[in-house]
Every structure is written in C-alpha cells, then in structure tokens.
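Below is one structure, written out as structure tokens; comments come after it.
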Amino acid sequence: MKLKIVIFFIFLNCFNNYAQFKFYGKINSNFENAVAYLSLINDCNKKDLFLTENILQEVKINSNSEFIFEGDFLDYENRIYKIHIDNCHDNIGDYKHLLNHCDDSKEIIFIANNNDTISFPLNDLSQIFCNIEQSSIQNSAILKIEELQENILTDLEHTKNDIQRQNIFNSYFKKIKQFSKKFNDPLVELYAYHLYANENSLSRDFYLKDLKKSNYYNDLLYRLKNKYSNTIYYNRYKNTLIKDQYPLLKSSKTTYKYLIYILSFLLLLSVLYNIYQNKIKDHKPISIIDYKKTLTKQEQKVFELMLNNSNKEIADKLFISLSTVKTHINNIYSKLSINSRKEIELYFKN
C-alpha cells in the first residue's frame with residue numbers, strides 16, 4: 001500500500017513539473033540586489049511601459065545571481081511577456097518606472113506559454129538579456145525582430161538626405177513585416193505590426209499606403225481570430241485597423257450600415273402603406289344593399305333594432321336567445337358586406 005502511494009506522488013510530481021513554466025537567467029554584478037518582475041503585455045503599443053497592474057510574479061535575485069520565475073498559472077496558448085529587472089528600491093509605481101525612464105533597470109520581451117522553459121544567460125561580455133535559450137522558435141522571435149530593427153536603423157547614421165532616409169524607412173517596413181512571417185505565429189506578426197504601424201513609427205506612412213491595397217492585414221486578422229480569438233490581442237488589432245480605415249473592414253462596415261438603412265426604409269414604407277390602406281378603407285364608400293330584399297324577415301327585425309339597441313336588448317324585444325341574435329348579426333354582416341354597427345347608420349339616414 002505504501003509503495004502505491006509513493007508511486008502515485010512520484011507520478012503526480014512528474015506531471016506537475018511537465019505542466020509548469022520556468023523562466024530563469026543570470027545577472028551581472030550591476031544587479032546583485034535587484035528585483036525581477038514577470039509581466040503580461042496585452043497591448044503592444046504600451047510594451048515599453050512598466051505597468052504595475054500587469055505584474056504576474058515578483059522574485060528577488062538569489063545567492064547564485066539568478067532570477068527564477070516558475071509556476072503553473074500562465075496561459076497554455078502563447079502570450080507576450082516581459083521580464084523587468086530593477087535595481088533601485090524606489091516605489092515601482094512612480095513615474096520613472098511607469099514611463100520606463102529608470103536607468104537602473106533592464107528588460108526583455110518574449111513570447112511564451114505555460115509549458116515553456118526559457119533561459120536568459122549572460123553573453124560573453126556579461127551583459128543580461130542579450131541571449132535566449134528557448135524551448136520553441138517563437139520564444140526568441142521578438143529578440144530577433146529587435147535585432148533586425150537595430151541593424152536596419154543603424155544605416156540612418158550615414159544618410160545624407162531625405163530620399164535616403166525614406167528608402168531606409170521603406171526597407172524597414174518591408175523587412176520587418178516579411179521577417180515576422182518566418183516564425184509561423186500570428187502573434188509574432190502582430191508584434192512586428194505594432195513596430196511599423198504605430199503612430200510614432202518612422203515607417204507609418206508606408207504602412208498606411210500599403211493598408212489601402214494589401215490583403216495581408218485581413219489575412220493576419222483571420223489567423224489571429226482562429227488562434228487567439230478569445231484574447232485582447234485580436235480585438236485590439238481589429239480596432240486599430242478600423243481606426244486606420246482599412247478598406248476591407250471599412251467597406252464591410254459600410255455595407256452593413258447601408259443594409260440597416262435599406263431595411264429600416266422598407267419597414268417605414270410598409271408602415272406607411274398600412275396606414276394608407278386603413279385610411280382608404282375608412283373612406284371607401286359603402287354600397288347600400290336593399291336589406292329588405294336580401295335579409296329574412298327575422299334578420300330584418302334584428303337589423304332594424306341594431307341601430308339603437310344592444311344584443312341583449314334585441315334578444316329581449318324579440319323574445320329570442322342572445323346566441324340567436326349573434327347568429328343573425330353575423331349573417332347580416334355577411335349578406336350586406338358591412339363590418340360594424342356604425343355602417344348601419346347609412347341605411348337609416350333618411
């Protein structure tokens with residue numbers, strides 16, 4: 001019995017270890033007393049800000065000069081995370097941290113999920129967050145995109161005129177977008193999208209021109225919906241495209257709006273037509289039928305009494321049942337083609 005319990009706990013421990021994430025790395029002497037924070041980035045436009053409400057875990061640097069984040073509470077789908085190491089002991093909610101203006105800090109952004117194990121070792125110069133040893137190619141995608149971005153933009157130092165700068169910005173836009181596709185994850189492409197499409201990007205004008213003619217952005221929206229439909233990434237991207245007046249979304253929205261207008265107009269026409277028909281019906285001249293030639297003797301008596309008497313009074317005066325009166329009235333309406341007692345007045349005006 002004891003052996004079974006031991007085996008069970010060994011199995012359970014192995015399962016838990018498999019299901020957990022682990023992000024760890026080494027720090028240099030500049031950050032020996034630092035605190036490390038693991039945060040979720042749900043808005044790529046705010047990736048450079050240190051937002052305290054997005055902090056998922058906080059750890060201190062251990063005696064081996066390491067930080068270790070681990071647990072079983074992350075999403076099992078890829079998300080964008082940031083590790084921020086802060087060596088100052090001020091309030092992390094002050095404006096310097098919120099605006100990422102603290103000189104005593106370092107950070108790295110990466111893509112991961114609850115099953116990933118990722119190491120952030122020091123490089124040959126003992127610098128932190130320059131390398132990633134990952135369990136999947138997507139983990140290091142953002143770091144590689146940032147490296148590509150730096151390599152492209154270094155050419156700006158040697159430019160001599162606006163034409164050269166515009167060529168670099170255009171090259172940056174094309175290369176970043178194309179490079180992000182290689183990782184086969186729409187979340188990687190979304191991150192790259194925010195680099196060249198945000199309002200402060202030097203390549204935004206090229207993006208806006210491309211937006212008017214390219215189906216790429218709609219394709220990315222479709223792939224995000226299929227893989228990350230229940231995340232804030234998809235909704236933010238869609239809203240950004242609408243704000244930037246992406247023609248495919250704009251035309252779809254416009255078509256829908258016009259359809260609503262047409263249906264509303266048709267409904268209004270239907271209401272007006274019914275009102276018009278009722279008015280015609282109310283003013284339609286009633287053809288007077290000679291009731292004495294059309295009705296039976298008993299029906300004639302009932303008809304003549306209908307002008308000033310209720311059904312019960314007619315029944316009492318003719319010594320017949322109320323149901324018989326109703327039967328006579330139904331026959332009278334049918335034979336004379338009338339619909340109400342008000343029309344009976346026309347027969348006795350003279």
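Going through the structure tokens in order, the chains are called A, B, and so on, while each chain numbers its residues from 1 and the ligands are numbered from 1 in the order shown.
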
Can you pull out the residues contacting A:Leu220? Cut-off 8 Å, using only C-alpha atoms, and skip same-chain residues under 6 positions away; I want them as a PDB file with C-alpha atoms, in the first residue's frame.
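Resulting contents of part-v9.pdb:
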ATOM      1  CA  PRO A 186       0.360  35.434 -35.936  1.00  0.00           C
ATOM      2  CA  GLU A 189       3.495  39.170 -36.789  1.00  0.00           C
ATOM      3  CA  LEU A 190       1.236  41.249 -34.557  1.00  0.00           C
TER       4      LEU A 190
END

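Near stretch 109-119 of chain A, within 7 Å and counting only C-alpha atoms, sit A:Ala19, A:Gln20, A:Phe21, A:Lys22, A:Phe23, A:Tyr24, A:Gly25, A:Asp72, A:Phe73, A:Leu74, A:Asp75, A:Tyr76, A:Glu77, A:Asn78, A:Arg79, A:Ile80, A:Tyr81, A:Lys82, A:Ile83, A:Ile132, A:Glu133, A:Gln134, A:Ser135, A:Gln138, A:Asn139, A:Ser140, A:Ile142, A:Leu143; same-chain residues fewer than 6 positions away were not included.
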
Please write the residues from the selection above to a file, keeping C-alpha atoms, as a tab-separated table (two decimals), in the first residue's frame.
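Writing done, so here's part.tsv:
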chain	number	residue	atom	x	y	z
A	19	ALA	CA	2.87	21.33	-16.82
A	20	GLN	CA	4.85	24.19	-15.28
A	21	PHE	CA	6.71	27.01	-16.94
A	22	LYS	CA	10.19	28.10	-15.92
A	23	PHE	CA	11.92	31.34	-16.95
A	24	TYR	CA	15.36	31.83	-15.41
A	25	GLY	CA	18.58	33.67	-16.06
A	72	ASP	CA	1.52	26.75	-13.39
A	73	PHE	CA	-0.65	29.84	-13.86
A	74	LEU	CA	0.18	31.11	-17.35
A	75	ASP	CA	-1.97	30.55	-20.42
A	76	TYR	CA	-1.37	27.38	-22.42
A	77	GLU	CA	-1.51	29.44	-25.60
A	78	ASN	CA	1.30	31.83	-26.48
A	79	ARG	CA	1.22	35.27	-24.92
A	80	ILE	CA	3.64	38.22	-24.89
A	81	TYR	CA	5.57	38.57	-21.63
A	82	LYS	CA	8.21	40.89	-20.25
A	83	ILE	CA	10.88	40.37	-17.60
A	132	ILE	CA	17.67	33.45	-25.17
A	133	GLU	CA	17.92	29.69	-24.89
A	134	GLN	CA	14.38	28.59	-25.63
A	135	SER	CA	12.14	25.58	-25.98
A	138	GLN	CA	8.65	31.66	-31.08
A	139	ASN	CA	10.27	32.36	-27.70
A	140	SER	CA	13.16	34.24	-29.29
A	142	ILE	CA	10.82	39.23	-30.57
A	143	LEU	CA	14.52	39.40	-29.69

Would you list, as a PyMOL selection string, the residues of stretch 157-320 of chain A that end up in alpha helix (DSSP H) under DSSP run on this structure's backbone? chain A and resi 162-180+186-197+204-211+216-228+232-243+247-283+291-294+297-305+311-318

Looking at only C-alpha atoms, which of A:Lys174, A:Lys26, A:Lys182, A:Lys227 is the one that sits closest to A:Cys130? A:Lys26

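Taking only C-alpha atoms into account, A:Lys177 lies nearest to A:Gln149 out of the set A:Asn311, A:Thr154, A:Asn339, A:Gln149.
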
Selection: 9 Å around stretch 287-297 of chain A, only C-alpha atoms, excl. self and same-chain fewer than 6 positions, as a list in words: Phe303, Asn331, Ile332, Lys335, Leu336, Ser337, Leu346 and Tyr347 of chain A
